[in-house]
2 protein chains.
Amino acid sequence: MTIRAIVFDAYGTLYDVQSVRSLATELCGGKGELVTQLWRLKQLEYSWLRSLMGDYEDFWPVTRAALEFSLRSVGVEPDPSICDPLMHKYLSLDLHDEARQALDQMSEHKLAILSNGSPMMLDALVVSSGVADLFTDIISVDRAKAFKPDPACYALVEVALGVRPEEVLFVSSNGFDVAGAKRFGFRVAWIERAQGMLAPANSDVGPAEFYRLMRGGEEQLGHQADHRVARLTELAPLLARLGASS
Amino acid sequence: MTIRAIVFDAYGTLYDVQSVRSLATELCGGKGELVTQLWRLKQLEYSWLRSLMGDYEDFWPVTRAALEFSLRSVGVEPDPSICDPLMHKYLSLDLHDEARQALDQMSEHKLAILSNGSPMMLDALVVSSGVADLFTDIISVDRAKAFKPDPACYALVEVALGVRPEEVLFVSSNGFDVAGAKRFGFRVAWIERAQGMLAPANSDVGPAEFYRLMRGGEEQLGHQADHRVARLTELAPLLARLGASS
């Protein structure tokens, strides 16, 4: 089956969710690293839980609630003087180092984003990082009022791009997203950013490594990626081998 | 509205999910603490993700998959010689210290369990801990083929016990479960086991404290408990104040 569109996850895949760290450290001192890791884990949890509870609200207040939980958890009052700048940073996260080059290499293909982000968040992200023009569509799960891996989210792609699931190469670094996309019926490439990292020697791991251990491995959810690559720049050669349509 | 039934969450509320630690340390050496924390966090994640993906399987294989992920993540092969005894321990988790006394204090009320556990797992738990006779019903979410906080799980209580949601006092130490139960319409008591614990001084926290920071606080999911208590033994006086029916 010919690949007719390449659809990217945003947070963690194109954009580095760890790029809030320096600001978090500036604002929270020695607790910045801890806040960085708790925030991302809680943000994902809250997206799953709200979707599962049937109590959707968009990713902006979900992200804010996760930040406020994380700050309180470590004993920092979630004042606007701390929350506002951190939330603002989420609108201009850094692209992963190789993302711009990788997208340029694939520019003859139909490219899109399918993300948990709200339309406002995603618009701000692609504009601030200068890649808005590279995508045919920026699809927010907000159109489905659910979060990934709810199948209703992945179903938005066919409506938006006019391509069938088996004609999509879905690209994500997030293991749960890989499983959800694969279960839905996409061909899936997993950007395995933790590839080659060493296992810990013992239980003495800090928050950044704990985060990596939680999120870096292949999820045991019964659905495996079709392709595993370490970096986004490995996708263009993969597409050439697969004979994707331009 | 009179309380006509008290319904307990099992894992973390009546039973101590941390009681796998000593066996994990025996089997995994210095990585035992890390495995203990990753396992529980992943077990919850997998329950939410499978329910959200529409790909339910019962809590026994979900718990096993979470264990296998956690072991691989820290560089331990998930051989049966390690997995089988740890899974077996999940069938005989320790009751929290005060649980037996608290249940005895409430024995004139209609008591039940509503848990993510499979029927097999829950039967084994209540038998091994000697409390099977105290409950009118042991309700597994397996009847709904979904995991908490999916509302379909909480809806099982009315069918099983013949009581309306507003006549139920639901008891859980798990913040997500508190939110889901409250959203569904139960009166909810949160067993706040982390109450009074100190915030960390900086980011230098190990896995046990990271787990507590992730799971101990009040979840920011838009639904708050009606009652907050530190221990299960505070429930009997609460019921007396509420005028619960015997």
# chains A, B, ... in the order shown; residues from 1 in each chain; ligands from 1
$ interface_residues --of "chain A" --to "chain B" --cutoff "9 Å" --atoms "only C-alpha atoms" --output "VMD selection string"
chain A and resid 29 to 35 38 41 to 42 45 to 46 48 to 55 62 65 to 66 68 to 70 72 to 76 147 to 151 176 179 to 180 183 to 184 198 to 207 210 213 to 214 216 to 221
$ residues_around --residues "stretch 169-174 of chain B" --least-positions-apart "4" --cutoff "7 Å" --atoms "only C-alpha atoms" --output "ChimeraX atom specification"
/B:3,5-9,12-13,178,186-193
$ write_last_selection --atoms "N, CA, C and O atoms" --output "PDB file, in the first residue's frame"
ATOM      1  N   ILE B   3     -26.612   7.409  53.630  1.00  0.00           N
ATOM      2  CA  ILE B   3     -25.617   6.498  53.049  1.00  0.00           C
ATOM      3  C   ILE B   3     -26.083   5.063  53.299  1.00  0.00           C
ATOM      4  O   ILE B   3     -26.275   4.662  54.450  1.00  0.00           O
ATOM      5  N   ALA B   5     -24.549   2.295  51.485  1.00  0.00           N
ATOM      6  CA  ALA B   5     -23.470   1.335  51.220  1.00  0.00           C
ATOM      7  C   ALA B   5     -22.140   2.068  51.207  1.00  0.00           C
ATOM      8  O   ALA B   5     -22.060   3.232  50.789  1.00  0.00           O
ATOM      9  N   ILE B   6     -21.099   1.386  51.678  1.00  0.00           N
ATOM     10  CA  ILE B   6     -19.742   1.926  51.638  1.00  0.00           C
ATOM     11  C   ILE B   6     -18.941   1.036  50.700  1.00  0.00           C
ATOM     12  O   ILE B   6     -18.849  -0.177  50.905  1.00  0.00           O
ATOM     13  N   VAL B   7     -18.416   1.658  49.656  1.00  0.00           N
ATOM     14  CA  VAL B   7     -17.740   0.903  48.599  1.00  0.00           C
ATOM     15  C   VAL B   7     -16.277   1.324  48.551  1.00  0.00           C
ATOM     16  O   VAL B   7     -15.967   2.511  48.400  1.00  0.00           O
ATOM     17  N   PHE B   8     -15.395   0.328  48.669  1.00  0.00           N
ATOM     18  CA  PHE B   8     -13.965   0.585  48.768  1.00  0.00           C
ATOM     19  C   PHE B   8     -13.236   0.245  47.478  1.00  0.00           C
ATOM     20  O   PHE B   8     -13.471  -0.812  46.870  1.00  0.00           O
ATOM     21  N   ASP B   9     -12.314   1.114  47.101  1.00  0.00           N
ATOM     22  CA  ASP B   9     -11.271   0.726  46.168  1.00  0.00           C
ATOM     23  C   ASP B   9     -10.361  -0.282  46.891  1.00  0.00           C
ATOM     24  O   ASP B   9     -10.250  -0.252  48.120  1.00  0.00           O
ATOM     25  N   GLY B  12      -4.160   0.047  47.003  1.00  0.00           N
ATOM     26  CA  GLY B  12      -3.718   1.337  47.522  1.00  0.00           C
ATOM     27  C   GLY B  12      -4.618   1.838  48.644  1.00  0.00           C
ATOM     28  O   GLY B  12      -4.191   2.646  49.461  1.00  0.00           O
ATOM     29  N   THR B  13      -5.872   1.386  48.640  1.00  0.00           N
ATOM     30  CA  THR B  13      -6.835   1.861  49.637  1.00  0.00           C
ATOM     31  C   THR B  13      -6.941   0.865  50.792  1.00  0.00           C
ATOM     32  O   THR B  13      -6.625   1.185  51.933  1.00  0.00           O
ATOM     33  N   VAL B 178     -10.900   9.067  43.059  1.00  0.00           N
ATOM     34  CA  VAL B 178     -11.720  10.062  43.761  1.00  0.00           C
ATOM     35  C   VAL B 178     -12.417  10.955  42.740  1.00  0.00           C
ATOM     36  O   VAL B 178     -13.636  11.175  42.799  1.00  0.00           O
ATOM     37  N   PHE B 186     -21.102   9.705  43.191  1.00  0.00           N
ATOM     38  CA  PHE B 186     -21.002   9.176  44.556  1.00  0.00           C
ATOM     39  C   PHE B 186     -20.622  10.297  45.525  1.00  0.00           C
ATOM     40  O   PHE B 186     -20.018  11.301  45.143  1.00  0.00           O
ATOM     41  N   ARG B 187     -20.942  10.080  46.803  1.00  0.00           N
ATOM     42  CA  ARG B 187     -20.280  10.819  47.877  1.00  0.00           C
ATOM     43  C   ARG B 187     -18.923  10.144  48.069  1.00  0.00           C
ATOM     44  O   ARG B 187     -18.835   8.912  48.078  1.00  0.00           O
ATOM     45  N   VAL B 188     -17.858  10.926  48.194  1.00  0.00           N
ATOM     46  CA  VAL B 188     -16.517  10.336  48.148  1.00  0.00           C
ATOM     47  C   VAL B 188     -15.665  10.757  49.338  1.00  0.00           C
ATOM     48  O   VAL B 188     -15.606  11.944  49.685  1.00  0.00           O
ATOM     49  N   ALA B 189     -15.028   9.755  49.934  1.00  0.00           N
ATOM     50  CA  ALA B 189     -14.025  10.011  50.977  1.00  0.00           C
ATOM     51  C   ALA B 189     -12.646   9.653  50.425  1.00  0.00           C
ATOM     52  O   ALA B 189     -12.436   8.542  49.937  1.00  0.00           O
ATOM     53  N   TRP B 190     -11.757  10.603  50.512  1.00  0.00           N
ATOM     54  CA  TRP B 190     -10.386  10.399  50.040  1.00  0.00           C
ATOM     55  C   TRP B 190      -9.489  10.028  51.221  1.00  0.00           C
ATOM     56  O   TRP B 190      -9.389  10.781  52.190  1.00  0.00           O
ATOM     57  N   ILE B 191      -8.892   8.843  51.149  1.00  0.00           N
ATOM     58  CA  ILE B 191      -7.901   8.441  52.151  1.00  0.00           C
ATOM     59  C   ILE B 191      -6.574   9.045  51.710  1.00  0.00           C
ATOM     60  O   ILE B 191      -5.913   8.535  50.798  1.00  0.00           O
ATOM     61  N   GLU B 192      -6.214  10.124  52.383  1.00  0.00           N
ATOM     62  CA  GLU B 192      -5.064  10.922  51.937  1.00  0.00           C
ATOM     63  C   GLU B 192      -3.813  10.415  52.649  1.00  0.00           C
ATOM     64  O   GLU B 192      -3.379  10.993  53.651  1.00  0.00           O
ATOM     65  N   ARG B 193      -3.242   9.348  52.114  1.00  0.00           N
ATOM     66  CA  ARG B 193      -2.136   8.693  52.828  1.00  0.00           C
ATOM     67  C   ARG B 193      -0.879   9.548  52.892  1.00  0.00           C
ATOM     68  O   ARG B 193      -0.014   9.323  53.729  1.00  0.00           O
TER      69      ARG B 193
END
$ closest_residue --among "B:Leu95, B:Leu156, B:Asp142, B:Gln101" --to "B:Val127" --atoms "only C-alpha atoms"
B:Leu95
$ atom_distance --atom1 "atom CA of B:Val126" --atom2 "atom CA of B:His88"
14.2 Å
$ residues_around --residues "B:Tyr15" --least-positions-apart "4" --cutoff "6 Å" --atoms "only C-alpha atoms" --output "MDAnalysis selection string"
chainID B and resid 10:11 94:96
$ write_last_selection --atoms "all heavy atoms" --output "tab-separated table (two decimals), in the first residue's frame"
chain	number	residue	atom	x	y	z
B	10	ALA	N	-9.70	-1.15	46.12
B	10	ALA	CA	-8.83	-2.17	46.74
B	10	ALA	C	-7.36	-1.76	46.77
B	10	ALA	O	-6.77	-1.56	47.84
B	10	ALA	CB	-8.99	-3.50	46.02
B	11	TYR	N	-6.76	-1.60	45.59
B	11	TYR	CA	-5.29	-1.44	45.49
B	11	TYR	C	-4.88	-0.03	45.92
B	11	TYR	O	-5.22	0.95	45.27
B	11	TYR	CB	-4.81	-1.72	44.08
B	11	TYR	CG	-5.13	-3.13	43.62
B	11	TYR	CD1	-6.11	-3.36	42.66
B	11	TYR	CD2	-4.47	-4.23	44.18
B	11	TYR	CE1	-6.41	-4.66	42.24
B	11	TYR	CE2	-4.78	-5.52	43.78
B	11	TYR	CZ	-5.74	-5.73	42.81
B	11	TYR	OH	-6.05	-7.01	42.41
B	94	ASP	N	-0.36	-7.14	51.29
B	94	ASP	CA	-0.70	-6.86	52.69
B	94	ASP	C	-1.86	-5.86	52.75
B	94	ASP	O	-1.91	-4.91	51.98
B	94	ASP	CB	0.50	-6.23	53.42
B	94	ASP	CG	1.73	-7.12	53.39
B	94	ASP	OD1	1.61	-8.31	53.02
B	94	ASP	OD2	2.83	-6.61	53.71
B	95	LEU	N	-2.75	-6.08	53.70
B	95	LEU	CA	-3.73	-5.04	54.03
B	95	LEU	C	-2.97	-3.86	54.63
B	95	LEU	O	-1.95	-4.05	55.31
B	95	LEU	CB	-4.72	-5.55	55.08
B	95	LEU	CG	-5.87	-6.44	54.62
B	95	LEU	CD1	-6.58	-7.04	55.83
B	95	LEU	CD2	-6.88	-5.65	53.78
B	96	HIS	N	-3.45	-2.64	54.41
B	96	HIS	CA	-2.88	-1.52	55.15
B	96	HIS	C	-3.12	-1.77	56.64
B	96	HIS	O	-4.11	-2.39	57.04
B	96	HIS	CB	-3.53	-0.21	54.71
B	96	HIS	CG	-2.88	0.39	53.51
B	96	HIS	ND1	-1.60	0.89	53.51
B	96	HIS	CD2	-3.33	0.53	52.24
B	96	HIS	CE1	-1.29	1.34	52.32
B	96	HIS	NE2	-2.32	1.12	51.51
$ select_by_dssp --residues "stretch 100-232 of chain B" --states "alpha helix (DSSP H)" --output "ChimeraX atom specification"
/B:100-105,119-128,151-154,156-161,175-184,207-215
$ write_last_selection --atoms "N, CA and C atoms" --output "compact mmCIF listing (two decimals), in the first residue's frame"
# COMPACT_ATOMS: atom_id res chain seq x y z
N ARG B 100 -8.07 -3.75 58.67
CA ARG B 100 -8.91 -4.76 59.31
C ARG B 100 -9.75 -4.14 60.44
N GLN B 101 -9.10 -3.36 61.27
CA GLN B 101 -9.79 -2.69 62.37
C GLN B 101 -10.89 -1.78 61.83
N ALA B 102 -10.59 -1.04 60.79
CA ALA B 102 -11.56 -0.10 60.22
C ALA B 102 -12.77 -0.85 59.66
N LEU B 103 -12.53 -1.95 58.98
CA LEU B 103 -13.64 -2.73 58.41
C LEU B 103 -14.51 -3.30 59.54
N ASP B 104 -13.88 -3.80 60.58
CA ASP B 104 -14.64 -4.33 61.72
C ASP B 104 -15.53 -3.25 62.35
N GLN B 105 -15.00 -2.03 62.43
CA GLN B 105 -15.77 -0.91 63.01
C GLN B 105 -17.03 -0.60 62.19
N PRO B 119 -11.77 -10.71 38.71
CA PRO B 119 -12.41 -11.53 39.74
C PRO B 119 -11.44 -12.50 40.41
N MET B 120 -10.58 -13.13 39.62
CA MET B 120 -9.62 -14.07 40.19
C MET B 120 -8.70 -13.36 41.19
N MET B 121 -8.19 -12.19 40.79
CA MET B 121 -7.25 -11.47 41.65
C MET B 121 -7.93 -11.02 42.95
N LEU B 122 -9.15 -10.54 42.83
CA LEU B 122 -9.85 -10.01 44.01
C LEU B 122 -10.26 -11.14 44.95
N ASP B 123 -10.73 -12.24 44.39
CA ASP B 123 -11.07 -13.39 45.23
C ASP B 123 -9.85 -13.84 46.03
N ALA B 124 -8.72 -13.93 45.33
CA ALA B 124 -7.50 -14.36 46.01
C ALA B 124 -7.11 -13.38 47.12
N LEU B 125 -7.23 -12.09 46.83
CA LEU B 125 -6.85 -11.05 47.81
C LEU B 125 -7.68 -11.13 49.08
N VAL B 126 -9.01 -11.15 48.92
CA VAL B 126 -9.85 -11.09 50.13
C VAL B 126 -9.76 -12.40 50.92
N VAL B 127 -9.52 -13.50 50.23
CA VAL B 127 -9.34 -14.77 50.94
C VAL B 127 -8.01 -14.78 51.68
N SER B 128 -6.94 -14.39 51.00
CA SER B 128 -5.61 -14.46 51.62
C SER B 128 -5.52 -13.51 52.82
N PRO B 151 -16.82 5.89 33.59
CA PRO B 151 -18.08 5.88 34.36
C PRO B 151 -18.78 4.53 34.36
N ALA B 152 -18.56 3.72 33.32
CA ALA B 152 -19.20 2.40 33.26
C ALA B 152 -18.82 1.53 34.45
N CYS B 153 -17.63 1.78 35.00
CA CYS B 153 -17.18 1.00 36.15
C CYS B 153 -18.00 1.36 37.39
N TYR B 154 -18.14 2.65 37.63
CA TYR B 154 -18.88 3.09 38.83
C TYR B 154 -20.36 2.71 38.73
N LEU B 156 -21.55 0.02 37.88
CA LEU B 156 -21.76 -1.36 38.31
C LEU B 156 -22.31 -1.45 39.74
N VAL B 157 -22.03 -0.44 40.54
CA VAL B 157 -22.41 -0.50 41.95
C VAL B 157 -23.93 -0.55 42.11
N GLU B 158 -24.64 0.28 41.38
CA GLU B 158 -26.10 0.32 41.52
C GLU B 158 -26.70 -1.03 41.13
N VAL B 159 -26.20 -1.61 40.06
CA VAL B 159 -26.67 -2.92 39.60
C VAL B 159 -26.39 -3.99 40.66
N ALA B 160 -25.19 -3.95 41.23
CA ALA B 160 -24.77 -5.02 42.14
C ALA B 160 -25.44 -4.89 43.51
N LEU B 161 -25.58 -3.66 44.01
CA LEU B 161 -26.02 -3.47 45.39
C LEU B 161 -27.43 -2.91 45.52
N GLY B 175 -6.19 9.38 43.85
CA GLY B 175 -6.77 10.65 43.45
C GLY B 175 -7.60 10.59 42.18
N PHE B 176 -7.14 9.82 41.20
CA PHE B 176 -7.89 9.72 39.94
C PHE B 176 -9.23 9.03 40.17
N ASP B 177 -9.25 8.10 41.11
CA ASP B 177 -10.46 7.33 41.43
C ASP B 177 -11.44 8.23 42.19
N VAL B 178 -10.90 9.07 43.06
CA VAL B 178 -11.72 10.06 43.76
C VAL B 178 -12.42 10.96 42.74
N ALA B 179 -11.65 11.45 41.77
CA ALA B 179 -12.22 12.35 40.76
C ALA B 179 -13.29 11.63 39.92
N GLY B 180 -12.98 10.41 39.50
CA GLY B 180 -13.92 9.66 38.67
C GLY B 180 -15.20 9.32 39.41
N ALA B 181 -15.06 8.93 40.67
CA ALA B 181 -16.23 8.55 41.48
C ALA B 181 -17.10 9.76 41.79
N LYS B 182 -16.43 10.89 42.04
CA LYS B 182 -17.17 12.11 42.33
C LYS B 182 -17.90 12.60 41.08
N ARG B 183 -17.22 12.56 39.96
CA ARG B 183 -17.87 12.96 38.71
C ARG B 183 -19.08 12.09 38.42
N PHE B 184 -18.97 10.79 38.78
CA PHE B 184 -20.08 9.87 38.53
C PHE B 184 -21.29 10.19 39.38
N PRO B 207 13.13 7.05 43.57
CA PRO B 207 11.87 6.52 43.01
C PRO B 207 10.69 6.50 43.97
N ALA B 208 10.92 6.17 45.24
CA ALA B 208 9.79 6.08 46.18
C ALA B 208 9.18 7.46 46.40
N GLU B 209 10.04 8.46 46.53
CA GLU B 209 9.52 9.81 46.74
C GLU B 209 8.90 10.34 45.44
N PHE B 210 9.50 10.04 44.32
CA PHE B 210 8.92 10.47 43.04
C PHE B 210 7.52 9.88 42.88
N TYR B 211 7.39 8.61 43.23
CA TYR B 211 6.06 7.97 43.18
C TYR B 211 5.07 8.71 44.07
N ARG B 212 5.48 9.02 45.28
CA ARG B 212 4.60 9.71 46.21
C ARG B 212 4.20 11.08 45.67
N LEU B 213 5.15 11.78 45.04
CA LEU B 213 4.85 13.09 44.47
C LEU B 213 3.87 12.98 43.30
N MET B 214 4.00 11.90 42.54
CA MET B 214 3.09 11.68 41.40
C MET B 214 1.68 11.34 41.87
N ARG B 215 1.56 10.52 42.92
CA ARG B 215 0.28 9.93 43.28
C ARG B 215 -0.33 10.45 44.57
$ select_by_dssp --residues "stretch 65-140 of chain B" --states "strand (DSSP E)" --output "list in words"
Leu111, Ala112, Ile113, Leu114, Ser115, Asp137, Ile138, Ile139 and Ser140 of chain B
$ residues_around --residues "stretch 137-141 of chain A" --least-positions-apart "2" --cutoff "6 Å" --atoms "only C-alpha atoms" --output "PyMOL selection string"
chain A and resi 112-119+135+143-144+153
$ write_last_selection --atoms "N, CA and C atoms" --output "PDB file, in the first residue's frame"
ATOM      1  N   ALA A 112       1.537  16.352   7.795  1.00  0.00           N
ATOM      2  CA  ALA A 112       0.543  16.932   8.709  1.00  0.00           C
ATOM      3  C   ALA A 112       0.949  16.626  10.150  1.00  0.00           C
ATOM      4  N   ILE A 113       0.306  17.322  11.058  1.00  0.00           N
ATOM      5  CA  ILE A 113       0.474  17.064  12.494  1.00  0.00           C
ATOM      6  C   ILE A 113      -0.863  16.584  13.045  1.00  0.00           C
ATOM      7  N   LEU A 114      -0.822  15.567  13.905  1.00  0.00           N
ATOM      8  CA  LEU A 114      -2.007  15.189  14.698  1.00  0.00           C
ATOM      9  C   LEU A 114      -1.564  15.214  16.156  1.00  0.00           C
ATOM     10  N   SER A 115      -2.094  16.148  16.909  1.00  0.00           N
ATOM     11  CA  SER A 115      -1.575  16.382  18.263  1.00  0.00           C
ATOM     12  C   SER A 115      -2.689  16.580  19.278  1.00  0.00           C
ATOM     13  N   ASN A 116      -2.354  16.242  20.530  1.00  0.00           N
ATOM     14  CA  ASN A 116      -3.234  16.540  21.660  1.00  0.00           C
ATOM     15  C   ASN A 116      -3.398  18.045  21.882  1.00  0.00           C
ATOM     16  N   GLY A 117      -2.462  18.839  21.369  1.00  0.00           N
ATOM     17  CA  GLY A 117      -2.501  20.281  21.587  1.00  0.00           C
ATOM     18  C   GLY A 117      -3.796  20.906  21.095  1.00  0.00           C
ATOM     19  N   SER A 118      -4.192  21.993  21.730  1.00  0.00           N
ATOM     20  CA  SER A 118      -5.361  22.737  21.258  1.00  0.00           C
ATOM     21  C   SER A 118      -4.971  23.490  19.995  1.00  0.00           C
ATOM     22  N   PRO A 119      -5.940  23.914  19.186  1.00  0.00           N
ATOM     23  CA  PRO A 119      -5.603  24.689  17.982  1.00  0.00           C
ATOM     24  C   PRO A 119      -4.734  25.909  18.311  1.00  0.00           C
ATOM     25  N   PHE A 135       3.298  22.125   6.450  1.00  0.00           N
ATOM     26  CA  PHE A 135       2.241  21.143   6.704  1.00  0.00           C
ATOM     27  C   PHE A 135       0.970  21.448   5.921  1.00  0.00           C
ATOM     28  N   ARG A 143     -10.912  18.607  17.698  1.00  0.00           N
ATOM     29  CA  ARG A 143     -12.023  18.356  16.765  1.00  0.00           C
ATOM     30  C   ARG A 143     -12.844  17.136  17.199  1.00  0.00           C
ATOM     31  N   ALA A 144     -12.206  16.212  17.939  1.00  0.00           N
ATOM     32  CA  ALA A 144     -12.895  14.996  18.392  1.00  0.00           C
ATOM     33  C   ALA A 144     -13.301  15.080  19.865  1.00  0.00           C
ATOM     34  N   CYS A 153      -9.520  10.156  17.830  1.00  0.00           N
ATOM     35  CA  CYS A 153      -8.483  11.136  17.460  1.00  0.00           C
ATOM     36  C   CYS A 153      -7.826  10.757  16.138  1.00  0.00           C
TER      37      CYS A 153
END
$ residues_around --residues "B:Pro237" --least-positions-apart "6" --cutoff "12 Å" --atoms "only C-alpha atoms" --output "PyMOL selection string"
chain B and resi 102+105-106+229+231+243-244
$ closest_residue --among "B:Asp133, B:Tyr56, B:Glu26, B:His227" --to "B:Ser81" --atoms "only C-alpha atoms"
B:Glu26
